[in-house]
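The structure file target00.tsv is reproduced below (TSV, C-alpha atoms).
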chain	number	residue	atom	x	y	z
A	26	MET	CA	-16.44	-30.80	13.08
A	27	ASN	CA	-17.70	-32.65	10.05
A	28	THR	CA	-19.07	-36.11	10.61
A	29	ALA	CA	-18.73	-39.33	8.70
A	30	GLN	CA	-22.36	-38.90	7.65
A	31	GLU	CA	-20.90	-37.09	4.63
A	32	ILE	CA	-19.38	-40.32	3.35
A	33	VAL	CA	-22.80	-41.85	2.87
A	34	GLU	CA	-23.83	-38.71	0.99
A	35	TYR	CA	-20.73	-39.01	-1.22
A	36	GLY	CA	-21.83	-42.57	-1.90
A	37	SER	CA	-25.06	-41.39	-3.52
A	38	ASP	CA	-25.50	-41.29	-7.28
A	39	GLU	CA	-26.66	-37.69	-7.36
A	40	GLU	CA	-24.65	-35.35	-9.54
A	41	GLY	CA	-23.73	-31.81	-8.66
A	42	ASP	CA	-22.48	-32.31	-5.11
A	43	VAL	CA	-19.92	-29.61	-4.31
A	44	PHE	CA	-17.16	-30.71	-1.96
A	45	ILE	CA	-15.16	-27.46	-1.97
A	46	ASP	CA	-17.03	-24.17	-2.15
A	47	SER	CA	-15.67	-21.05	-3.83
A	48	GLY	CA	-14.64	-19.62	-0.48
A	49	ASP	CA	-12.01	-22.33	-0.14
A	50	VAL	CA	-10.22	-21.35	-3.37
A	51	LEU	CA	-7.46	-18.80	-3.01
A	52	ALA	CA	-6.78	-16.09	-5.56
A	53	GLU	CA	-5.47	-17.39	-8.84
A	54	VAL	CA	-1.73	-17.26	-9.37
A	55	PRO	CA	-0.78	-15.81	-12.77
A	56	ASN	CA	0.50	-18.35	-15.26
A	57	ASP	CA	4.24	-17.93	-15.68
A	58	GLY	CA	4.16	-19.06	-19.28
A	59	ASP	CA	4.51	-22.79	-18.70
A	60	HIS	CA	2.13	-24.82	-20.79
A	61	LEU	CA	1.12	-28.43	-21.03
A	62	MET	CA	2.64	-29.98	-24.10
A	63	ASP	CA	0.48	-30.87	-27.03
A	64	GLU	CA	1.10	-33.77	-29.41
A	65	ASP	CA	3.30	-31.69	-31.73
A	66	ASP	CA	5.50	-30.60	-28.84
A	67	GLU	CA	5.76	-34.18	-27.65
A	68	ALA	CA	6.89	-35.33	-31.07
A	69	GLU	CA	9.73	-32.79	-30.92
A	70	ASP	CA	10.69	-33.63	-27.36
A	71	GLY	CA	13.78	-35.58	-28.30
A	72	VAL	CA	12.82	-38.86	-26.68
A	73	GLY	CA	15.78	-40.38	-28.50
A	74	ASP	CA	18.08	-38.21	-26.40
A	75	LEU	CA	17.13	-39.95	-23.16
A	76	PRO	CA	20.00	-41.52	-21.24
A	77	SER	CA	20.38	-45.09	-22.35
A	78	GLY	CA	21.90	-46.49	-19.14
A	79	ASN	CA	23.18	-50.03	-19.52
A	80	SER	CA	23.19	-50.94	-23.18
A	81	ASP	CA	21.91	-54.44	-22.45
A	82	VAL	CA	18.51	-53.10	-21.33
A	83	LYS	CA	16.23	-52.08	-24.17
A	84	ASP	CA	14.39	-48.89	-23.21
A	85	ASN	CA	11.01	-48.46	-24.88
A	86	SER	CA	9.77	-45.75	-22.52
A	87	LEU	CA	8.51	-42.38	-23.74
A	88	GLN	CA	9.91	-40.34	-20.89
A	89	HIS	CA	12.16	-40.50	-17.82
A	90	PHE	CA	11.87	-38.69	-14.50
A	91	THR	CA	15.12	-39.11	-12.59
A	92	THR	CA	14.96	-36.36	-9.94
A	93	HIS	CA	14.50	-38.72	-6.98
A	94	ASN	CA	17.66	-39.64	-5.08
A	95	GLY	CA	16.76	-43.14	-3.94
A	96	SER	CA	14.08	-45.77	-4.52
A	97	VAL	CA	10.66	-44.59	-5.72
A	98	PHE	CA	8.08	-46.22	-3.47
A	99	ALA	CA	4.88	-44.56	-4.69
A	100	ILE	CA	3.47	-43.19	-7.92
A	101	SER	CA	0.03	-42.00	-8.97
A	102	CYS	CA	-1.26	-40.41	-12.16
A	103	HIS	CA	-3.68	-37.49	-12.20
A	104	PRO	CA	-7.24	-38.57	-13.15
A	105	THR	CA	-7.38	-36.31	-16.24
A	106	GLU	CA	-4.17	-34.29	-16.70
A	107	PRO	CA	-0.72	-35.43	-17.93
A	108	LEU	CA	0.71	-35.28	-14.40
A	109	ALA	CA	2.10	-37.80	-11.94
A	110	VAL	CA	2.97	-37.57	-8.25
A	111	SER	CA	5.80	-39.71	-6.91
A	112	GLY	CA	7.29	-40.32	-3.47
A	113	GLY	CA	10.56	-41.86	-2.47
A	114	GLU	CA	13.33	-42.92	-0.17
A	115	ASP	CA	14.76	-39.37	-0.37
A	116	ASP	CA	11.89	-38.12	1.90
A	117	LEU	CA	10.49	-36.11	-1.02
A	118	GLY	CA	7.49	-36.10	-3.32
A	119	TYR	CA	7.22	-34.47	-6.72
A	120	ILE	CA	4.34	-33.50	-8.98
A	121	TRP	CA	5.75	-33.71	-12.49
A	122	ASP	CA	4.70	-33.52	-16.12
A	123	ILE	CA	4.67	-36.96	-17.76
A	124	THR	CA	5.12	-35.47	-21.25
A	125	ASP	CA	8.51	-33.83	-20.61
A	126	GLY	CA	9.63	-34.85	-17.10
A	127	GLU	CA	9.44	-31.29	-15.80
A	128	VAL	CA	9.05	-30.78	-12.04
A	129	ILE	CA	5.83	-28.88	-11.33
A	130	VAL	CA	6.11	-28.91	-7.51
A	131	LYS	CA	8.62	-30.32	-5.07
A	132	LEU	CA	6.67	-31.72	-2.10
A	133	THR	CA	8.77	-31.22	1.03
A	134	GLY	CA	8.24	-31.56	4.78
A	135	HIS	CA	8.70	-35.29	5.39
A	136	THR	CA	11.57	-36.51	7.57
A	137	ASP	CA	11.49	-40.14	6.39
A	138	SER	CA	10.64	-42.04	3.23
A	139	VAL	CA	7.48	-41.03	1.36
A	140	CYS	CA	5.77	-44.39	0.87
A	141	SER	CA	2.38	-43.21	-0.43
A	142	ALA	CA	1.40	-40.41	-2.80
A	143	SER	CA	-1.84	-39.89	-4.68
A	144	PHE	CA	-4.23	-37.40	-6.26
A	145	SER	CA	-7.77	-37.03	-4.95
A	146	SER	CA	-10.55	-38.40	-7.16
A	147	ASP	CA	-11.32	-34.92	-8.52
A	148	GLY	CA	-7.62	-34.16	-9.11
A	149	GLN	CA	-7.71	-31.00	-6.99
A	150	MET	CA	-5.58	-32.27	-4.09
A	151	VAL	CA	-2.49	-34.41	-3.51
A	152	ALA	CA	-1.67	-36.40	-0.38
A	153	THR	CA	1.71	-37.79	0.63
A	154	GLY	CA	2.20	-40.25	3.48
A	155	GLY	CA	5.49	-41.04	5.12
A	156	MET	CA	7.27	-43.46	7.40
A	157	ASP	CA	7.54	-40.40	9.69
A	158	GLY	CA	3.78	-40.68	10.39
A	159	LYS	CA	2.99	-37.45	8.57
A	160	VAL	CA	0.26	-37.04	5.97
A	161	ARG	CA	0.75	-33.82	4.01
A	162	ILE	CA	-1.84	-32.28	1.70
A	163	TRP	CA	-1.36	-29.93	-1.24
A	164	ARG	CA	-4.11	-28.16	-3.20
A	165	ARG	CA	-4.37	-26.82	-6.71
A	166	VAL	CA	-4.36	-23.02	-6.94
A	167	GLY	CA	-6.60	-21.29	-9.48
A	168	THR	CA	-8.66	-22.77	-12.27
A	169	THR	CA	-6.69	-22.01	-15.44
A	170	ASP	CA	-4.32	-25.00	-15.34
A	171	PHE	CA	-2.66	-27.50	-13.01
A	172	ARG	CA	0.76	-25.82	-12.80
A	173	ASN	CA	0.29	-24.10	-9.44
A	174	TRP	CA	-0.15	-25.94	-6.13
A	175	GLU	CA	-0.02	-24.81	-2.50
A	176	PHE	CA	0.62	-26.62	0.75
A	177	LEU	CA	-2.71	-26.96	2.58
A	178	THR	CA	-2.22	-28.85	5.84
A	179	GLU	CA	-0.41	-31.61	7.68
A	180	LEU	CA	-2.46	-34.39	9.24
A	181	GLN	CA	-1.09	-36.21	12.25
A	182	GLY	CA	-2.19	-39.25	14.18
A	183	PRO	CA	-0.70	-42.43	12.71
A	184	ASP	CA	2.69	-43.80	13.70
A	185	GLU	CA	4.08	-44.88	10.32
A	186	VAL	CA	1.83	-44.48	7.27
A	187	ILE	CA	1.63	-47.66	5.17
A	188	TRP	CA	-1.01	-46.58	2.62
A	189	LEU	CA	-3.41	-43.77	1.71
A	190	ARG	CA	-6.75	-43.93	-0.14
A	191	TRP	CA	-8.96	-41.05	-1.25
A	192	HIS	CA	-12.73	-41.48	-1.19
A	193	PRO	CA	-13.99	-42.31	-4.72
A	194	ARG	CA	-16.16	-39.20	-4.86
A	195	GLY	CA	-15.22	-36.85	-2.04
A	196	THR	CA	-12.32	-35.06	-0.38
A	197	ILE	CA	-12.07	-37.61	2.41
A	198	LEU	CA	-8.78	-39.44	3.06
A	199	LEU	CA	-8.14	-42.83	4.66
A	200	ALA	CA	-4.75	-43.95	6.02
A	201	GLY	CA	-3.49	-47.26	7.36
A	202	SER	CA	-0.74	-47.26	9.96
A	203	ASN	CA	2.00	-49.46	11.30
A	204	ASP	CA	0.53	-48.95	14.81
A	205	SER	CA	-2.63	-51.00	13.96
A	206	THR	CA	-4.92	-47.96	13.55
A	207	VAL	CA	-6.76	-46.55	10.52
A	208	TRP	CA	-7.46	-42.81	10.28
A	209	LEU	CA	-10.17	-40.95	8.38
A	210	TRP	CA	-9.95	-37.20	7.70
A	211	GLN	CA	-12.22	-34.60	6.10
A	212	LEU	CA	-10.55	-32.08	3.80
A	213	PRO	CA	-9.90	-29.24	3.30
A	214	SER	CA	-10.60	-28.74	7.04
A	215	GLY	CA	-8.22	-31.53	8.11
A	216	ASN	CA	-10.67	-32.64	10.82
A	217	THR	CA	-10.38	-36.22	12.06
A	218	MET	CA	-13.65	-37.99	11.24
A	219	GLN	CA	-12.86	-41.39	12.73
A	220	VAL	CA	-10.06	-43.53	14.15
A	221	PHE	CA	-10.62	-47.23	13.59
A	222	ALA	CA	-8.88	-49.35	16.22
A	223	GLY	CA	-9.42	-53.09	16.22
A	224	HIS	CA	-6.49	-54.69	14.46
A	225	SER	CA	-3.53	-55.82	16.58
A	226	GLY	CA	-0.81	-55.47	13.93
A	227	PRO	CA	0.22	-53.16	11.08
A	228	VAL	CA	-2.73	-52.44	8.76
A	229	GLN	CA	-1.23	-53.57	5.46
A	230	CYS	CA	-4.13	-52.72	3.16
A	231	GLY	CA	-7.46	-50.96	3.05
A	232	GLU	CA	-10.03	-49.66	0.57
A	233	PHE	CA	-13.24	-47.70	0.34
A	234	THR	CA	-15.94	-49.79	-1.28
A	235	PRO	CA	-16.55	-48.44	-4.83
A	236	ASP	CA	-19.99	-47.17	-3.79
A	237	GLY	CA	-18.20	-45.02	-1.22
A	238	LYS	CA	-20.31	-46.18	1.73
A	239	ARG	CA	-18.08	-48.68	3.55
A	240	ILE	CA	-14.41	-49.37	4.33
A	241	VAL	CA	-12.51	-52.68	4.34
A	242	THR	CA	-9.17	-53.02	6.13
A	243	ALA	CA	-6.81	-55.96	6.66
A	244	SER	CA	-3.79	-56.48	8.86
A	245	GLU	CA	-0.56	-58.34	9.34
A	246	ASP	CA	-2.34	-60.02	12.27
A	247	GLY	CA	-4.49	-61.95	9.75
A	248	THR	CA	-7.74	-60.06	10.45
A	249	LEU	CA	-10.12	-58.37	8.01
A	250	MET	CA	-12.62	-55.74	9.15
A	251	TYR	CA	-15.65	-54.18	7.46
A	252	TRP	CA	-16.58	-50.71	8.69
A	253	ASP	CA	-19.37	-48.19	8.50
A	254	PRO	CA	-17.36	-44.93	8.58
A	255	ARG	CA	-19.87	-43.45	11.05
A	256	SER	CA	-18.98	-46.04	13.69
A	257	PRO	CA	-15.70	-46.97	15.44
A	258	THR	CA	-16.96	-50.56	15.77
A	259	PRO	CA	-16.66	-52.90	12.75
A	260	LEU	CA	-19.76	-54.35	11.10
A	261	PHE	CA	-17.89	-57.65	11.02
A	262	LYS	CA	-14.45	-59.06	11.61
A	263	LEU	CA	-12.80	-62.17	10.16
A	264	SER	CA	-9.77	-63.62	11.93
A	265	PRO	CA	-7.51	-66.66	11.53
A	266	GLN	CA	-9.79	-68.46	13.98
A	267	ASP	CA	-12.73	-68.20	11.56
A	268	ALA	CA	-13.48	-71.07	9.19
A	269	ARG	CA	-11.31	-71.06	6.06
A	270	PHE	CA	-9.81	-67.62	6.75
A	271	ASP	CA	-6.25	-68.36	7.91
A	272	LEU	CA	-4.02	-66.46	5.45
A	273	GLU	CA	-1.14	-65.79	7.89
A	274	ASN	CA	-0.35	-62.08	7.29
A	275	ILE	CA	-2.79	-60.36	4.93
A	276	THR	CA	-0.90	-58.41	2.28
A	277	SER	CA	-3.41	-57.43	-0.43
A	278	LEU	CA	-7.07	-56.59	-0.92
A	279	ALA	CA	-9.54	-55.66	-3.67
A	280	ILE	CA	-13.32	-55.04	-3.76
A	281	ASN	CA	-15.59	-55.67	-6.75
A	282	ALA	CA	-17.43	-52.88	-8.56
A	283	SER	CA	-20.78	-53.68	-6.93
A	284	SER	CA	-19.21	-53.51	-3.43
A	285	THR	CA	-20.40	-57.02	-2.54
A	286	LEU	CA	-17.18	-59.09	-2.58
A	287	ALA	CA	-13.66	-58.64	-1.27
A	288	VAL	CA	-10.70	-60.76	-2.36
A	289	VAL	CA	-7.73	-60.90	0.00
A	290	GLY	CA	-4.30	-62.47	-0.30
A	291	GLY	CA	-1.70	-63.34	2.29
A	292	THR	CA	1.90	-64.33	2.89
A	293	SER	CA	0.98	-68.04	2.78
A	294	GLY	CA	0.11	-67.77	-0.92
A	295	SER	CA	-3.57	-68.27	-0.13
A	296	VAL	CA	-6.41	-66.17	-1.54
A	297	ARG	CA	-9.89	-65.91	-0.03
A	298	VAL	CA	-13.14	-64.54	-1.46
A	299	VAL	CA	-15.30	-62.84	1.18
A	300	SER	CA	-18.98	-61.89	0.91
A	301	LEU	CA	-19.33	-58.40	2.38
A	302	SER	CA	-23.07	-58.85	2.85
A	303	LYS	CA	-22.72	-62.16	4.71
A	304	GLY	CA	-19.41	-61.49	6.44
A	305	GLU	CA	-18.05	-64.91	5.56
A	306	VAL	CA	-15.62	-66.71	3.26
A	307	VAL	CA	-17.35	-67.92	0.08
A	308	GLY	CA	-14.35	-69.20	-1.86
A	309	ALA	CA	-10.65	-70.08	-1.79
A	310	LEU	CA	-8.29	-69.63	-4.75
A	311	GLY	CA	-5.19	-71.82	-4.74
A	312	GLY	CA	-2.95	-71.07	-7.71
A	313	HIS	CA	0.06	-69.43	-6.07
A	314	THR	CA	3.08	-71.27	-4.74
A	315	GLU	CA	2.69	-72.11	-1.06
A	316	GLY	CA	4.63	-69.72	1.13
A	317	GLU	CA	4.90	-67.08	-1.63
A	318	SER	CA	3.13	-63.86	-0.69
A	319	VAL	CA	0.18	-62.50	-2.71
A	320	GLU	CA	1.23	-58.88	-3.18
A	321	ALA	CA	-1.55	-57.45	-5.37
A	322	VAL	CA	-5.21	-58.08	-6.22
A	323	GLN	CA	-7.43	-56.41	-8.84
A	324	PHE	CA	-10.91	-57.06	-10.21
A	325	VAL	CA	-11.24	-57.06	-14.00
A	326	ASP	CA	-14.34	-56.17	-16.03
A	327	LEU	CA	-13.80	-58.36	-19.09
A	328	THR	CA	-16.80	-57.08	-21.07
A	329	GLY	CA	-16.62	-53.40	-20.14
A	330	THR	CA	-20.26	-53.46	-19.04
A	331	GLY	CA	-19.80	-54.00	-15.32
A	332	SER	CA	-22.26	-56.89	-15.46
A	333	SER	CA	-19.92	-59.72	-16.46
A	334	PRO	CA	-19.20	-62.63	-14.10
A	335	GLY	CA	-16.58	-61.69	-11.56
A	336	VAL	CA	-12.99	-61.98	-12.71
A	337	VAL	CA	-10.09	-61.20	-10.40
A	338	VAL	CA	-6.31	-61.16	-10.87
A	339	THR	CA	-3.84	-61.95	-8.07
A	340	GLY	CA	-0.11	-61.27	-8.26
A	341	GLY	CA	2.51	-62.99	-6.10
A	342	THR	CA	6.16	-63.17	-5.17
A	343	ASP	CA	6.22	-66.44	-7.14
A	344	GLY	CA	6.20	-64.32	-10.34
A	345	LYS	CA	2.68	-65.34	-11.29
A	346	ALA	CA	-0.39	-63.25	-11.99
A	347	CYS	CA	-3.37	-65.61	-11.80
A	348	VAL	CA	-6.62	-64.72	-13.57
A	349	TRP	CA	-9.64	-66.23	-11.78
A	350	ASP	CA	-13.28	-66.69	-12.72
A	351	LEU	CA	-15.24	-66.12	-9.52
A	352	THR	CA	-18.37	-67.74	-10.93
A	353	THR	CA	-16.61	-71.11	-10.93
A	354	MET	CA	-13.67	-70.25	-8.59
A	355	ARG	CA	-11.39	-71.65	-11.31
A	356	LEU	CA	-8.15	-70.41	-12.86
A	357	ARG	CA	-8.60	-68.88	-16.33
A	358	ALA	CA	-4.98	-68.03	-17.12
A	359	THR	CA	-1.54	-67.66	-15.54
A	360	LEU	CA	0.61	-64.69	-16.56
A	361	GLU	CA	4.30	-65.03	-15.74
A	362	HIS	CA	7.23	-62.82	-14.80
A	363	GLN	CA	10.78	-63.87	-13.86
A	364	ASP	CA	10.45	-62.37	-10.37
A	365	ALA	CA	7.81	-61.12	-7.94
A	366	VAL	CA	4.73	-59.30	-9.24
A	367	THR	CA	4.63	-56.01	-7.33
A	368	SER	CA	1.65	-54.18	-8.88
A	369	LEU	CA	-1.49	-54.95	-10.89
A	370	LEU	CA	-3.41	-52.31	-12.84
A	371	THR	CA	-6.70	-52.63	-14.71
A	372	HIS	CA	-7.70	-50.48	-17.66
A	373	PRO	CA	-10.85	-48.35	-17.75
A	374	ALA	CA	-13.54	-49.06	-20.36
A	375	PRO	CA	-13.58	-49.52	-23.32
A	376	LYS	CA	-10.37	-51.54	-22.91
A	377	SER	CA	-11.15	-52.97	-19.49
A	378	HIS	CA	-9.96	-56.42	-20.59
A	379	LEU	CA	-6.36	-55.13	-20.51
A	380	ILE	CA	-4.26	-55.42	-17.37
A	381	VAL	CA	-0.73	-54.28	-16.58
A	382	THR	CA	1.63	-56.20	-14.29
A	383	ALA	CA	4.78	-54.70	-12.75
A	384	SER	CA	7.57	-56.86	-11.42
A	385	ALA	CA	10.81	-57.10	-9.51
A	386	ASP	CA	12.24	-58.51	-12.78
A	387	ASN	CA	12.55	-54.82	-13.91
A	388	THR	CA	9.71	-55.04	-16.45
A	389	LEU	CA	6.04	-54.19	-16.82
A	390	ARG	CA	3.77	-56.15	-19.15
A	391	THR	CA	0.37	-55.43	-20.68
A	392	TRP	CA	-1.86	-58.49	-21.09
A	393	ASP	CA	-5.26	-59.37	-22.52
A	394	ALA	CA	-7.03	-60.90	-19.52
A	395	ARG	CA	-9.55	-62.67	-21.78
A	396	THR	CA	-6.91	-64.89	-23.36
A	397	GLY	CA	-3.79	-64.45	-21.21
A	398	ALA	CA	-1.94	-63.15	-24.28
A	399	LEU	CA	1.00	-60.76	-23.81
A	400	VAL	CA	0.22	-57.48	-25.62
A	401	LYS	CA	3.40	-55.50	-24.87
A	402	GLU	CA	6.47	-55.60	-22.65
A	403	HIS	CA	7.67	-52.32	-21.11
A	404	THR	CA	11.42	-52.20	-20.44
A	405	GLY	CA	13.96	-49.61	-19.37
A	406	HIS	CA	14.22	-49.94	-15.60
A	407	HIS	CA	17.51	-51.13	-14.09
A	408	GLY	CA	15.99	-52.42	-10.87
A	409	PRO	CA	12.79	-53.84	-9.41
A	410	ILE	CA	9.61	-51.87	-10.11
A	411	LEU	CA	8.04	-50.85	-6.81
A	412	SER	CA	4.96	-48.92	-7.95
A	413	ALA	CA	2.92	-48.19	-11.07
A	414	SER	CA	-0.15	-46.21	-12.14
A	415	LEU	CA	-2.22	-45.79	-15.29
A	416	GLY	CA	-2.77	-42.30	-16.67
A	417	LEU	CA	-4.59	-40.48	-19.46
A	418	GLN	CA	-7.49	-42.93	-19.54
A	419	GLY	CA	-5.16	-45.91	-19.53
A	420	SER	CA	-3.12	-44.89	-22.56
A	421	VAL	CA	0.08	-44.65	-20.50
A	422	VAL	CA	1.56	-46.45	-17.53
A	423	VAL	CA	3.98	-44.65	-15.21
A	424	SER	CA	6.32	-46.71	-13.04
A	425	GLY	CA	8.63	-46.06	-10.11
A	426	GLY	CA	11.65	-48.22	-9.44
A	427	ASP	CA	14.33	-49.25	-7.02
A	428	ASP	CA	16.72	-47.63	-9.55
A	429	SER	CA	15.47	-44.12	-8.50
A	430	ALA	CA	13.79	-43.64	-11.89
A	431	CYS	CA	10.20	-43.10	-12.97
A	432	LEU	CA	9.41	-44.12	-16.54
A	433	VAL	CA	6.42	-43.40	-18.78
A	434	PHE	CA	5.28	-46.02	-21.33
A	435	THR	CA	2.39	-46.37	-23.76
A	436	THR	CA	0.36	-49.38	-22.63
A	437	GLU	CA	-0.28	-50.82	-26.10
A	438	VAL	CA	1.60	-51.41	-29.31
A	439	ASP	CA	1.24	-48.36	-31.56
A	440	GLU	CA	-1.43	-49.44	-34.03
A	441	SER	CA	-0.16	-47.04	-36.67
A	442	GLY	CA	3.41	-48.36	-36.39
Written as structure tokens, how would this file's structure read?
Amino acid sequence: MNTAQEIVEYGSDEEGDVFIDSGDVLAEVPNDGDHLMDEDDEAEDGVGDLPSGNSDVKDNSLQHFTTHNGSVFAISCHPTEPLAVSGGEDDLGYIWDITDGEVIVKLTGHTDSVCSASFSSDGQMVATGGMDGKVRIWRRVGTTDFRNWEFLTELQGPDEVIWLRWHPRGTILLAGSNDSTVWLWQLPSGNTMQVFAGHSGPVQCGEFTPDGKRIVTASEDGTLMYWDPRSPTPLFKLSPQDARFDLENITSLAINASSTLAVVGGTSGSVRVVSLSKGEVVGALGGHTEGESVEAVQFVDLTGTGSSPGVVVTGGTDGKACVWDLTTMRLRATLEHQDAVTSLLTHPAPKSHLIVTASADNTLRTWDARTGALVKEHTGHHGPILSASLGLQGSVVVSGGDDSACLVFTTEVDESG
């Protein structure tokens, strides 16, 4: 059995680490003639022929994917290819082409809603997690394109899967469960590397630190834990009994690029800044309406250099996305929707000052976090947006909604238009 020692190795800066050797790759499947669309194909794709739905909703999306039969709870874009994976209330996942809406693979095997779906950091695997407690893994077949995928394995252990996170550099998968446990698996073997038990309620959020060496989890019971993946005992734990840490239920979590700070939000509307090196609260951010849950948190690199003072965005059920300067612990800007903010996304460099908010008001919006200015509104959904993901280096945002639809938008106004 592999050990969690590998996580620390994945956290190194050395290039050339191989996580899957050639013996793990099956024979290539011949290409059946499908091809990824190029720009000329896309221009001829007849976007104007998309169903318009209710005429009172302006639709400025590029593409629809309407194969799901029920709400779309999860969506994730491939790190390099024009593909998305989505999961929904219909107990199904799909890998699909964001340029034409074509189904690449139907991901079956769940017996309850698929609430998490994501590509591994290298884009070679896909994981789906369900309310049925199953985590199912698919793997790319061959090396010529990304049109052929095979079912690899089913991972079991959790009760109901709430979230999944791939390691930032390795084929290691983390899952948070409704039964208060967190599971860590090595792939492609499927071996369980660790089970973290210490929370006493559903584990609502969790992340690998960006350096890949540690794990942070937080629970509905109001506790936050900081883990070395090699040990089943946390390095530290913060609970509602600790000074300044009572957030009621913790609902959201983000970690800064240098892996030194975590920002967590809760159902009380409170936000806390936690030093991961000290294991203590170092700040409180109070811009959300009391009693309105903080549903999303993201760090923003305003300069694109990674060395700027810390800036974080928090999104709440009060319809606000608050942009905070962590150097001063003060509010820089408030971005507003007409209903709850459900997702926050931050662009990669060189446009890392741009953020995208998704909302239960049926819209997504791209903003300039430096000024708080609205750059573009993305409309076309007929229900609350439940999930969103940036793709193709941030040039598109793909959203999944309560209206059963996934939509693809460009994130910025067309500069040539």
Check your understanding: For Gln181 in chain A, which residue among A:Ser377, A:Ser86, A:Asn216, A:Thr136 is the nearest when counting only C-alpha atoms?
Key ->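 Under the stated criterion, the closest residue is A:Asn216.
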Revision key, fill the gap. CA of Ile162 in chain A sits from CA of Glu179 in chain A at a separation of 6.2 Å
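If you look at CA of Trp252 in chain A and CA of Ala279 in chain A, they are 15.1 Å away from each other.
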Check your understanding: Which one is closest to Ala430 in chain A: A:Pro409, A:Ser414, A:Gly247, A:Glu127? Count only C-alpha atoms.
Key ->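 Using only C-alpha atoms, the shortest distance to Ala430 in chain A belongs to A:Pro409.
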Study note, to complete from the structure: Min atom-atom distance to Arg357 in chain A from the set A:Gly397, A:Gly294, A:Gly304, A:Gly426, counting all atoms listed in the file, belongs to A:Gly397
Check your understanding: Can you tell me how far CA of Thr133 in chain A sits from CA of Thr153 in chain A, in Å to one decimal?
Key ->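 Here the two named atoms are 9.7 Å from each other.
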With only C-alpha atoms as the counted atoms, please give the residues lying no more than 7 Å from range 343-355 of chain A, apart from itself and same-chain residues fewer than 2 positions off, as a PDB file with C-alpha atoms, in the frame of the given file.
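Dumped to part.pdb:
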ATOM      1  CA  GLY A 308     -14.350 -69.200  -1.860  1.00  0.00           C
ATOM      2  CA  LEU A 310      -8.290 -69.630  -4.750  1.00  0.00           C
ATOM      3  CA  GLY A 312      -2.950 -71.070  -7.710  1.00  0.00           C
ATOM      4  CA  HIS A 313       0.060 -69.430  -6.070  1.00  0.00           C
ATOM      5  CA  THR A 314       3.080 -71.270  -4.740  1.00  0.00           C
ATOM      6  CA  GLU A 317       4.900 -67.080  -1.630  1.00  0.00           C
ATOM      7  CA  PRO A 334     -19.200 -62.630 -14.100  1.00  0.00           C
ATOM      8  CA  GLY A 335     -16.580 -61.690 -11.560  1.00  0.00           C
ATOM      9  CA  VAL A 336     -12.990 -61.980 -12.710  1.00  0.00           C
ATOM     10  CA  VAL A 337     -10.090 -61.200 -10.400  1.00  0.00           C
ATOM     11  CA  VAL A 338      -6.310 -61.160 -10.870  1.00  0.00           C
ATOM     12  CA  THR A 339      -3.840 -61.950  -8.070  1.00  0.00           C
ATOM     13  CA  GLY A 340      -0.110 -61.270  -8.260  1.00  0.00           C
ATOM     14  CA  GLY A 341       2.510 -62.990  -6.100  1.00  0.00           C
ATOM     15  CA  ARG A 357      -8.600 -68.880 -16.330  1.00  0.00           C
ATOM     16  CA  ALA A 358      -4.980 -68.030 -17.120  1.00  0.00           C
ATOM     17  CA  THR A 359      -1.540 -67.660 -15.540  1.00  0.00           C
ATOM     18  CA  LEU A 360       0.610 -64.690 -16.560  1.00  0.00           C
ATOM     19  CA  GLU A 361       4.300 -65.030 -15.740  1.00  0.00           C
ATOM     20  CA  HIS A 362       7.230 -62.820 -14.800  1.00  0.00           C
ATOM     21  CA  GLN A 363      10.780 -63.870 -13.860  1.00  0.00           C
ATOM     22  CA  ASP A 364      10.450 -62.370 -10.370  1.00  0.00           C
ATOM     23  CA  ALA A 365       7.810 -61.120  -7.940  1.00  0.00           C
ATOM     24  CA  VAL A 366       4.730 -59.300  -9.240  1.00  0.00           C
TER      25      VAL A 366
END
Point to revise | Who sits within 7 Å of Gln88 in chain A, all atoms listed in the file, same chain under 3 positions skipped, as a list in words | key: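 So, after excluding close chain neighbours, the residues are Val72, Ile123, Thr124, Asp125, Gly126, Leu432 and Val433 of chain A.
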Exercise for review: Would you mind listing what lies within 8 Å of Asp137 in chain A as an MDAnalysis selection string, with only C-alpha atoms counted and same-chain residues fewer than 5 positions away left out?
Suggested key: chainID A and resid 114:116 155:157
